[in-house]
$ cat target.cif   # mmCIF, C-alpha atoms
data_my_file
#
loop_
_atom_site.group_PDB
_atom_site.id
_atom_site.type_symbol
_atom_site.label_atom_id
_atom_site.label_comp_id
_atom_site.auth_asym_id
_atom_site.auth_seq_id
_atom_site.Cartn_x
_atom_site.Cartn_y
_atom_site.Cartn_z
ATOM 1 C CA MET A 867 -6.146 7.895 3.125
ATOM 2 C CA PRO A 868 -6.855 9.328 6.572
ATOM 3 C CA VAL A 869 -10.028 11.281 7.219
ATOM 4 C CA PRO A 870 -9.334 14.688 8.819
ATOM 5 C CA SER A 871 -10.521 14.778 12.406
ATOM 6 C CA ALA A 872 -12.547 17.578 13.932
ATOM 7 C CA ASP A 873 -9.487 18.755 15.912
ATOM 8 C CA PHE A 874 -7.463 18.882 12.708
ATOM 9 C CA LYS A 875 -10.142 20.965 10.963
ATOM 10 C CA ARG A 876 -10.321 23.402 13.887
ATOM 11 C CA ALA A 877 -6.530 23.766 13.936
ATOM 12 C CA LEU A 878 -6.566 24.415 10.202
ATOM 13 C CA LYS A 879 -9.185 27.141 10.602
ATOM 14 C CA ARG A 880 -6.994 28.880 13.199
ATOM 15 C CA LEU A 881 -4.089 29.183 10.780
ATOM 16 C CA SER A 882 -3.578 32.511 9.051
ATOM 17 C CA ASP A 883 -3.763 32.752 5.258
ATOM 18 C CA LYS A 884 0.017 33.030 5.038
ATOM 19 C CA GLU A 885 0.495 29.884 7.144
ATOM 20 C CA LYS A 886 -2.081 27.991 5.063
ATOM 21 C CA GLU A 887 -0.309 29.062 1.873
ATOM 22 C CA ALA A 888 3.070 27.930 3.209
ATOM 23 C CA LEU A 889 1.613 24.601 4.317
ATOM 24 C CA LEU A 890 -0.083 24.043 0.959
ATOM 25 C CA LEU A 891 3.070 24.899 -1.004
ATOM 26 C CA ARG A 892 5.140 22.545 1.136
ATOM 27 C CA ALA A 893 2.657 19.714 0.569
ATOM 28 C CA ALA A 894 2.546 20.405 -3.180
ATOM 29 C CA ARG A 895 6.344 20.264 -3.386
ATOM 30 C CA ARG A 896 6.369 16.831 -1.774
ATOM 31 C CA ASP A 897 3.572 15.247 -3.802
ATOM 32 C CA ALA A 898 3.586 15.563 -7.584
ATOM 33 C CA GLU A 899 0.007 14.319 -7.913
ATOM 34 C CA LEU A 900 -1.209 16.886 -5.380
ATOM 35 C CA TYR A 901 0.616 19.572 -7.340
ATOM 36 C CA ASP A 902 -1.042 18.442 -10.587
ATOM 37 C CA THR A 903 -4.458 18.296 -8.911
ATOM 38 C CA LEU A 904 -4.061 21.790 -7.487
ATOM 39 C CA SER A 905 -2.839 23.079 -10.851
ATOM 40 C CA PHE A 906 -5.902 21.585 -12.508
ATOM 41 C CA GLU A 907 -8.236 23.067 -9.885
ATOM 42 C CA LEU A 908 -6.644 26.506 -9.621
ATOM 43 C CA LEU A 909 -5.076 27.419 -12.963
ATOM 44 C CA PRO A 910 -7.382 28.357 -15.845
ATOM 45 C CA ASP A 911 -4.946 27.212 -18.546
ATOM 46 C CA VAL A 912 -4.771 23.632 -17.187
ATOM 47 C CA THR A 913 -7.825 21.930 -18.661
ATOM 48 C CA VAL A 914 -8.927 18.372 -19.338
ATOM 49 C CA GLU A 915 -7.485 18.741 -22.846
ATOM 50 C CA THR A 916 -4.049 19.700 -21.542
ATOM 51 C CA VAL A 917 -4.089 16.805 -19.073
ATOM 52 C CA PHE A 918 -5.052 14.504 -21.975
ATOM 53 C CA GLU A 919 -2.175 15.830 -24.091
ATOM 54 C CA GLN A 920 0.363 15.478 -21.280
ATOM 55 C CA THR A 921 -0.759 11.968 -20.361
ATOM 56 C CA SER A 922 -0.933 10.786 -23.974
ATOM 57 C CA ASP A 923 2.610 12.092 -24.490
ATOM 58 C CA GLN A 924 3.737 10.156 -21.410
ATOM 59 C CA ILE A 925 2.011 6.992 -22.679
ATOM 60 C CA HIS A 926 3.669 7.389 -26.076
ATOM 61 C CA GLU A 927 7.028 7.888 -24.371
ATOM 62 C CA LEU A 928 6.533 4.796 -22.191
ATOM 63 C CA PHE A 929 6.085 2.630 -25.264
ATOM 64 C CA ALA A 930 8.833 4.346 -27.272
ATOM 65 C CA VAL A 931 11.463 4.102 -24.544
ATOM 66 C CA GLY A 932 10.243 1.168 -22.478
ATOM 67 C CA ALA A 933 9.389 -1.217 -25.309
ATOM 68 C CA THR A 934 12.891 -2.264 -26.282
ATOM 69 C CA GLY A 935 15.280 -5.031 -25.589
ATOM 70 C CA ARG A 936 15.568 -8.720 -26.041
ATOM 71 C CA LEU A 937 12.306 -9.591 -24.309
ATOM 72 C CA LEU A 938 10.036 -7.193 -26.152
ATOM 73 C CA ASN A 939 6.853 -8.873 -24.946
ATOM 74 C CA ARG A 940 7.795 -8.408 -21.295
ATOM 75 C CA SER A 941 8.865 -4.790 -21.774
ATOM 76 C CA LEU A 942 5.605 -4.082 -23.642
ATOM 77 C CA THR A 943 3.647 -5.577 -20.753
ATOM 78 C CA LYS A 944 5.505 -3.348 -18.295
ATOM 79 C CA ALA A 945 4.952 -0.303 -20.513
ATOM 80 C CA LEU A 946 1.233 -1.121 -20.660
ATOM 81 C CA GLN A 947 1.077 -1.446 -16.866
ATOM 82 C CA LYS A 948 2.761 1.927 -16.454
ATOM 83 C CA ALA A 949 0.442 3.456 -19.060
ATOM 84 C CA THR A 950 -2.559 2.155 -17.135
ATOM 85 C CA LYS A 951 -1.185 3.788 -13.985
ATOM 86 C CA GLU A 952 -0.757 7.084 -15.836
ATOM 87 C CA VAL A 953 -4.379 6.889 -17.004
ATOM 88 C CA ALA A 954 -5.546 6.255 -13.433
ATOM 89 C CA ARG A 955 -3.453 9.191 -12.228
ATOM 90 C CA ALA A 956 -5.001 11.501 -14.833
ATOM 91 C CA ARG A 957 -8.453 10.350 -13.739
ATOM 92 C CA ARG A 958 -7.661 11.057 -10.086
ATOM 93 C CA ILE A 959 -6.412 14.523 -11.004
ATOM 94 C CA THR A 960 -9.407 15.540 -13.108
ATOM 95 C CA LYS A 961 -12.185 13.274 -11.775
ATOM 96 C CA ASP A 962 -13.272 12.983 -15.434
ATOM 97 C CA LYS A 963 -14.557 9.539 -16.420
ATOM 98 C CA ARG A 964 -14.555 10.303 -20.123
ATOM 99 C CA LEU A 965 -10.880 11.269 -19.956
ATOM 100 C CA GLU A 966 -10.068 7.797 -18.622
ATOM 101 C CA ILE A 967 -11.933 6.177 -21.509
ATOM 102 C CA ASP A 968 -10.278 8.431 -24.089
ATOM 103 C CA LEU A 969 -6.813 7.701 -22.704
ATOM 104 C CA ASN A 970 -7.521 3.961 -22.657
ATOM 105 C CA LEU A 971 -8.574 4.195 -26.296
ATOM 106 C CA TYR A 972 -5.431 6.188 -27.089
ATOM 107 C CA THR A 973 -3.362 3.399 -25.539
ATOM 108 C CA LEU A 974 -5.271 0.726 -27.461
ATOM 109 C CA ARG A 975 -4.870 2.670 -30.729
ATOM 110 C CA HIS A 976 -1.137 2.905 -30.122
ATOM 111 C CA ILE A 977 -0.870 -0.819 -29.392
ATOM 112 C CA PHE A 978 -2.930 -1.898 -32.393
ATOM 113 C CA ALA A 979 -1.038 0.451 -34.713
ATOM 114 C CA ASN A 980 2.433 -0.685 -33.644
ATOM 115 C CA TYR A 981 2.608 -3.864 -31.587
ATOM 116 C CA THR A 982 0.029 -6.436 -32.740
ATOM 117 C CA GLY A 983 2.844 -8.689 -33.928
ATOM 118 C CA GLN A 984 3.672 -9.380 -30.285
ATOM 119 C CA PHE A 985 0.230 -10.910 -29.704
ATOM 120 C CA GLU A 986 1.509 -14.115 -31.343
ATOM 121 C CA SER A 987 4.496 -14.370 -29.028
ATOM 122 C CA VAL A 988 4.976 -17.485 -26.940
ATOM 123 C CA TYR A 989 4.462 -15.318 -23.876
ATOM 124 C CA GLY A 990 0.863 -14.243 -23.419
ATOM 125 C CA GLY A 991 1.313 -11.414 -20.945
ATOM 126 C CA PHE A 992 1.072 -8.550 -23.413
ATOM 127 C CA TYR A 993 -1.934 -10.035 -25.221
ATOM 128 C CA THR A 994 -3.717 -10.696 -21.920
ATOM 129 C CA SER A 995 -3.007 -7.187 -20.606
ATOM 130 C CA THR A 996 -4.272 -5.643 -23.835
ATOM 131 C CA ALA A 997 -7.412 -7.792 -23.730
ATOM 132 C CA ARG A 998 -8.028 -6.747 -20.108
ATOM 133 C CA LEU A 999 -7.682 -3.087 -21.071
ATOM 134 C CA ALA A 1000 -10.141 -3.520 -23.944
ATOM 135 C CA ALA A 1001 -12.644 -5.322 -21.700
ATOM 136 C CA ARG A 1002 -12.296 -2.694 -18.979
ATOM 137 C CA THR A 1003 -12.746 0.132 -21.464
ATOM 138 C CA THR A 1004 -15.920 -1.540 -22.733
ATOM 139 C CA GLN A 1005 -17.252 -1.697 -19.167
ATOM 140 C CA LEU A 1006 -16.297 1.917 -18.488
ATOM 141 C CA VAL A 1007 -18.164 3.140 -21.564
ATOM 142 C CA LEU A 1008 -21.365 1.399 -20.483
ATOM 143 C CA GLN A 1009 -21.106 2.309 -16.804
ATOM 144 C CA ASN A 1010 -19.834 5.874 -16.868
ATOM 145 C CA LEU A 1011 -21.034 7.528 -20.044
ATOM 146 C CA HIS A 1012 -24.448 8.688 -21.118
ATOM 147 C CA GLU A 1013 -26.266 6.500 -23.633
ATOM 148 C CA ASP A 1014 -25.919 9.149 -26.330
ATOM 149 C CA LEU A 1015 -22.118 8.748 -26.278
ATOM 150 C CA TRP A 1016 -22.059 4.956 -26.578
ATOM 151 C CA LEU A 1017 -22.340 4.998 -30.370
ATOM 152 C CA GLU A 1018 -19.334 7.300 -30.568
ATOM 153 C CA TYR A 1019 -17.117 4.570 -29.090
ATOM 154 C CA LYS A 1020 -18.843 1.459 -30.444
ATOM 155 C CA ALA A 1021 -17.160 1.109 -33.851
ATOM 156 C CA GLU A 1022 -13.620 1.513 -32.566
ATOM 157 C CA LEU A 1023 -14.099 -0.760 -29.559
ATOM 158 C CA ASP A 1024 -15.794 -3.418 -31.694
ATOM 159 C CA ASP A 1025 -12.827 -3.340 -34.072
ATOM 160 C CA PHE A 1026 -10.338 -3.815 -31.206
ATOM 161 C CA LEU A 1027 -12.402 -6.634 -29.701
ATOM 162 C CA GLN A 1028 -12.731 -8.422 -33.058
ATOM 163 C CA GLN A 1029 -8.974 -8.207 -33.611
ATOM 164 C CA LEU A 1030 -8.374 -9.657 -30.148
ATOM 165 C CA HIS A 1031 -10.864 -12.482 -30.727
ATOM 166 C CA ALA A 1032 -9.201 -13.295 -34.061
ATOM 167 C CA ARG A 1033 -6.077 -14.422 -32.201
ATOM 168 C CA SER A 1034 -5.730 -18.008 -31.018
ATOM 169 C CA LYS A 1035 -4.936 -16.851 -27.477
ATOM 170 C CA SER A 1036 -8.461 -15.502 -27.034
ATOM 171 C CA ARG A 1037 -9.678 -19.001 -26.163
ATOM 172 C CA SER A 1038 -7.252 -19.341 -23.251
ATOM 173 C CA LEU A 1039 -8.168 -16.102 -21.471
ATOM 174 C CA LYS A 1040 -9.256 -16.529 -17.868
ATOM 175 C CA PHE A 1041 -11.857 -13.775 -18.088
ATOM 176 C CA GLU A 1042 -14.776 -12.958 -20.343
ATOM 177 C CA LEU A 1043 -13.697 -10.836 -23.304
ATOM 178 C CA PRO A 1044 -16.777 -9.330 -24.941
ATOM 179 C CA ARG A 1045 -17.127 -9.739 -28.696
ATOM 180 C CA GLU A 1046 -18.582 -6.264 -29.110
ATOM 181 C CA LEU A 1047 -19.877 -3.293 -27.194
ATOM 182 C CA VAL A 1048 -23.425 -4.472 -26.548
ATOM 183 C CA LEU A 1049 -25.865 -1.601 -26.428
ATOM 184 C CA PRO A 1050 -29.008 -2.284 -24.364
ATOM 185 C CA ASP A 1051 -32.355 -1.639 -26.029
#
$ encode --input "target.cif" --output "structure tokens"
Amino acid sequence: MPVPSADFKRALKRLSDKEKEALLLRAARRDAELYDTLSFELLPDVTVETVFEQTSDQIHELFAVGATGRLLNRSLTKALQKATKEVARARRITKDKRLEIDLNLYTLRHIFANYTGQFESVYGGFYTSTARLAARTTQLVLQNLHEDLWLEYKAELDDFLQQLHARSKSRSLKFELPRELVLPD
């Protein structure tokens, strides 16, 4: 992403309010993420909760529509990749680290409630992607949240991690999958 130069900033200051508004509206029409970011920043009715609801609906839709077909494991892996991108987009819009963790947990809840049968598939892509998401969520909790909130997430994350470790594919992972959310003393 380019950094605005000093000349660019001076030229922007010389624009009238009407010209700035027209420029901003044109940019928002071209870029959906910019529009969502501006809506979040400017509109009082667009809150973190509404962004969570919209993104969780999109994640649910990705799995409902995208997870079909003959190669269910592959379509689930693609749906999970798209869901991860939606979570990252919501984080960029709101700059809220807890939102990212909550949406990751929503995705994991959805997977463990509906698609754990695909973990035993011959193809390991969906299991590996789910394990990566669980490991990343564990890291995010420890890195980005205050210590007081760690206990709030511990039980659910530990349950997901134990279910992942119970599968035979856990031994063939190429990364370290934690057994539990380890809380420092």
$ closest_residue --input "target.cif" --among "A:Val1048, A:Ala949, A:Leu1039, A:Leu971" --to "Leu1008 of chain A" --atoms "all atoms listed in the file"
A:Val1048
$ resolve_selection --input "target.cif" --expression "the PyMOL selection byres ((chain A and resi 931-944) around 10)" --output "JSON list (two decimals) with C-alpha atoms, in the frame of the given file"
[["chain", "number", "residue", "atom", "x", "y", "z"],
["A", 926, "HIS", "CA", 3.67, 7.39, -26.08],
["A", 927, "GLU", "CA", 7.03, 7.89, -24.37],
["A", 928, "LEU", "CA", 6.53, 4.80, -22.19],
["A", 929, "PHE", "CA", 6.08, 2.63, -25.26],
["A", 930, "ALA", "CA", 8.83, 4.35, -27.27],
["A", 945, "ALA", "CA", 4.95, -0.30, -20.51],
["A", 946, "LEU", "CA", 1.23, -1.12, -20.66],
["A", 947, "GLN", "CA", 1.08, -1.45, -16.87],
["A", 948, "LYS", "CA", 2.76, 1.93, -16.45],
["A", 949, "ALA", "CA", 0.44, 3.46, -19.06],
["A", 950, "THR", "CA", -2.56, 2.15, -17.14],
["A", 977, "ILE", "CA", -0.87, -0.82, -29.39],
["A", 981, "TYR", "CA", 2.61, -3.86, -31.59],
["A", 983, "GLY", "CA", 2.84, -8.69, -33.93],
["A", 984, "GLN", "CA", 3.67, -9.38, -30.28],
["A", 985, "PHE", "CA", 0.23, -10.91, -29.70],
["A", 986, "GLU", "CA", 1.51, -14.12, -31.34],
["A", 987, "SER", "CA", 4.50, -14.37, -29.03],
["A", 988, "VAL", "CA", 4.98, -17.48, -26.94],
["A", 989, "TYR", "CA", 4.46, -15.32, -23.88],
["A", 990, "GLY", "CA", 0.86, -14.24, -23.42],
["A", 991, "GLY", "CA", 1.31, -11.41, -20.94],
["A", 992, "PHE", "CA", 1.07, -8.55, -23.41],
["A", 993, "TYR", "CA", -1.93, -10.04, -25.22],
["A", 994, "THR", "CA", -3.72, -10.70, -21.92],
["A", 995, "SER", "CA", -3.01, -7.19, -20.61],
["A", 996, "THR", "CA", -4.27, -5.64, -23.84]]
$ atom_distance --input "target.cif" --atom1 "atom CA of Glu885 of chain A" --atom2 "atom CA of Asp911 of chain A"
26.4 Å
$ residues_around --input "target.cif" --residues "Phe906 of chain A" --least-positions-apart "4" --cutoff "10 Å" --atoms "all atoms listed in the file" --output "JSON list (two decimals) with C-alpha atoms, in the coordinates of the input"
[["chain", "number", "residue", "atom", "x", "y", "z"],
["A", 900, "LEU", "CA", -1.21, 16.89, -5.38],
["A", 901, "TYR", "CA", 0.62, 19.57, -7.34],
["A", 902, "ASP", "CA", -1.04, 18.44, -10.59],
["A", 910, "PRO", "CA", -7.38, 28.36, -15.84],
["A", 911, "ASP", "CA", -4.95, 27.21, -18.55],
["A", 912, "VAL", "CA", -4.77, 23.63, -17.19],
["A", 913, "THR", "CA", -7.82, 21.93, -18.66],
["A", 914, "VAL", "CA", -8.93, 18.37, -19.34],
["A", 916, "THR", "CA", -4.05, 19.70, -21.54],
["A", 917, "VAL", "CA", -4.09, 16.80, -19.07],
["A", 959, "ILE", "CA", -6.41, 14.52, -11.00],
["A", 960, "THR", "CA", -9.41, 15.54, -13.11]]
$ closest_residue --input "target.cif" --among "A:Ile967, A:Leu890, A:Leu1006, A:Ala979" --to "Leu904 of chain A" --atoms "all atoms listed in the file"
A:Leu890
$ atom_distance --input "target.cif" --atom1 "atom CA of Lys961 of chain A" --atom2 "atom CA of Asp883 of chain A"
27.2 Å
$ closest_residue --input "target.cif" --among "A:Phe1041, A:Pro870, A:Arg955, A:Ser882" --to "Arg998 of chain A" --atoms "all atoms listed in the file"
A:Phe1041
$ atom_distance --input "target.cif" --atom1 "atom CA of Lys875 of chain A" --atom2 "atom CA of Arg957 of chain A"
26.9 Å
$ axis_aligned_box --input "target.cif" --around "segment 885-888 of chain A" --padding-each-side "4 Å" --output "JSON"
{"center_x": 0.5, "center_y": 28.9, "center_z": 4.5, "size_x": 13.2, "size_y": 10.0, "size_z": 13.3}
$ residues_around --input "target.cif" --residues "Gln1009 of chain A" --least-positions-apart "4" --cutoff "12 Å" --atoms "all atoms listed in the file" --output "mmCIF file with C-alpha atoms, in the frame of the given file"
data_model
loop_
_atom_site.group_PDB
_atom_site.id
_atom_site.type_symbol
_atom_site.label_atom_id
_atom_site.label_comp_id
_atom_site.auth_asym_id
_atom_site.auth_seq_id
_atom_site.Cartn_x
_atom_site.Cartn_y
_atom_site.Cartn_z
ATOM 1 C CA LYS A 963 -14.557 9.539 -16.420
ATOM 2 C CA ARG A 964 -14.555 10.303 -20.123
ATOM 3 C CA ILE A 967 -11.933 6.177 -21.509
ATOM 4 C CA ARG A 1002 -12.296 -2.694 -18.979
ATOM 5 C CA THR A 1003 -12.746 0.132 -21.464
ATOM 6 C CA THR A 1004 -15.920 -1.540 -22.733
ATOM 7 C CA GLN A 1005 -17.252 -1.697 -19.167
ATOM 8 C CA GLU A 1013 -26.266 6.500 -23.633
ATOM 9 C CA LEU A 1015 -22.118 8.748 -26.278
ATOM 10 C CA TRP A 1016 -22.059 4.956 -26.578
ATOM 11 C CA LEU A 1047 -19.877 -3.293 -27.194
ATOM 12 C CA LEU A 1049 -25.865 -1.601 -26.428
ATOM 13 C CA PRO A 1050 -29.008 -2.284 -24.364
#
$ closest_residue --input "target.cif" --among "A:Val1007, A:Leu1027, A:Leu881, A:Ala1001" --to "Glu1042 of chain A" --atoms "all atoms listed in the file"
A:Ala1001
$ residues_near_point --input "target.cif" --point "(-1.1, 9.0, -24.6)" --cutoff "9 Å" --atoms "all atoms listed in the file" --output "PDB file with C-alpha atoms, in the coordinates of the input"
ATOM      1  CA  PHE A 918      -5.052  14.504 -21.975  1.00  0.00           C
ATOM      2  CA  GLU A 919      -2.175  15.830 -24.091  1.00  0.00           C
ATOM      3  CA  GLN A 920       0.363  15.478 -21.280  1.00  0.00           C
ATOM      4  CA  THR A 921      -0.759  11.968 -20.361  1.00  0.00           C
ATOM      5  CA  SER A 922      -0.933  10.786 -23.974  1.00  0.00           C
ATOM      6  CA  ASP A 923       2.610  12.092 -24.490  1.00  0.00           C
ATOM      7  CA  GLN A 924       3.737  10.156 -21.410  1.00  0.00           C
ATOM      8  CA  ILE A 925       2.011   6.992 -22.679  1.00  0.00           C
ATOM      9  CA  HIS A 926       3.669   7.389 -26.076  1.00  0.00           C
ATOM     10  CA  GLU A 927       7.028   7.888 -24.371  1.00  0.00           C
ATOM     11  CA  ALA A 949       0.442   3.456 -19.060  1.00  0.00           C
ATOM     12  CA  GLU A 952      -0.757   7.084 -15.836  1.00  0.00           C
ATOM     13  CA  VAL A 953      -4.379   6.889 -17.004  1.00  0.00           C
ATOM     14  CA  LEU A 969      -6.813   7.701 -22.704  1.00  0.00           C
ATOM     15  CA  ASN A 970      -7.521   3.961 -22.657  1.00  0.00           C
ATOM     16  CA  TYR A 972      -5.431   6.188 -27.089  1.00  0.00           C
ATOM     17  CA  THR A 973      -3.362   3.399 -25.539  1.00  0.00           C
ATOM     18  CA  HIS A 976      -1.137   2.905 -30.122  1.00  0.00           C
TER      19      HIS A 976
END
$ closest_residue --input "target.cif" --among "A:Asp968, A:Ala898, A:Gln1028, A:Arg880" --to "Glu1046 of chain A" --atoms "all atoms listed in the file"
A:Gln1028
$ resolve_selection --input "target.cif" --expression "the PyMOL selection byres ((chain A and resi 1029) around 12)" --output "PDB file with C-alpha atoms, in the coordinates of the input"
ATOM      1  CA  LEU A 974      -5.271   0.726 -27.461  1.00  0.00           C
ATOM      2  CA  ARG A 975      -4.870   2.670 -30.729  1.00  0.00           C
ATOM      3  CA  ILE A 977      -0.870  -0.819 -29.392  1.00  0.00           C
ATOM      4  CA  PHE A 978      -2.930  -1.898 -32.393  1.00  0.00           C
ATOM      5  CA  ALA A 979      -1.038   0.451 -34.713  1.00  0.00           C
ATOM      6  CA  THR A 982       0.029  -6.436 -32.740  1.00  0.00           C
ATOM      7  CA  GLY A 983       2.844  -8.689 -33.928  1.00  0.00           C
ATOM      8  CA  PHE A 985       0.230 -10.910 -29.704  1.00  0.00           C
ATOM      9  CA  TYR A 993      -1.934 -10.035 -25.221  1.00  0.00           C
ATOM     10  CA  THR A 996      -4.272  -5.643 -23.835  1.00  0.00           C
ATOM     11  CA  ALA A 997      -7.412  -7.792 -23.730  1.00  0.00           C
ATOM     12  CA  ALA A1000     -10.141  -3.520 -23.944  1.00  0.00           C
ATOM     13  CA  GLU A1022     -13.620   1.513 -32.566  1.00  0.00           C
ATOM     14  CA  LEU A1023     -14.099  -0.760 -29.559  1.00  0.00           C
ATOM     15  CA  ASP A1024     -15.794  -3.418 -31.694  1.00  0.00           C
ATOM     16  CA  ASP A1025     -12.827  -3.340 -34.072  1.00  0.00           C
ATOM     17  CA  PHE A1026     -10.338  -3.815 -31.206  1.00  0.00           C
ATOM     18  CA  LEU A1027     -12.402  -6.634 -29.701  1.00  0.00           C
ATOM     19  CA  GLN A1028     -12.731  -8.422 -33.058  1.00  0.00           C
ATOM     20  CA  LEU A1030      -8.374  -9.657 -30.148  1.00  0.00           C
ATOM     21  CA  HIS A1031     -10.864 -12.482 -30.727  1.00  0.00           C
ATOM     22  CA  ALA A1032      -9.201 -13.295 -34.061  1.00  0.00           C
ATOM     23  CA  ARG A1033      -6.077 -14.422 -32.201  1.00  0.00           C
ATOM     24  CA  SER A1034      -5.730 -18.008 -31.018  1.00  0.00           C
ATOM     25  CA  LYS A1035      -4.936 -16.851 -27.477  1.00  0.00           C
ATOM     26  CA  SER A1036      -8.461 -15.502 -27.034  1.00  0.00           C
ATOM     27  CA  LEU A1043     -13.697 -10.836 -23.304  1.00  0.00           C
ATOM     28  CA  PRO A1044     -16.777  -9.330 -24.941  1.00  0.00           C
ATOM     29  CA  ARG A1045     -17.127  -9.739 -28.696  1.00  0.00           C
ATOM     30  CA  GLU A1046     -18.582  -6.264 -29.110  1.00  0.00           C
TER      31      GLU A1046
END
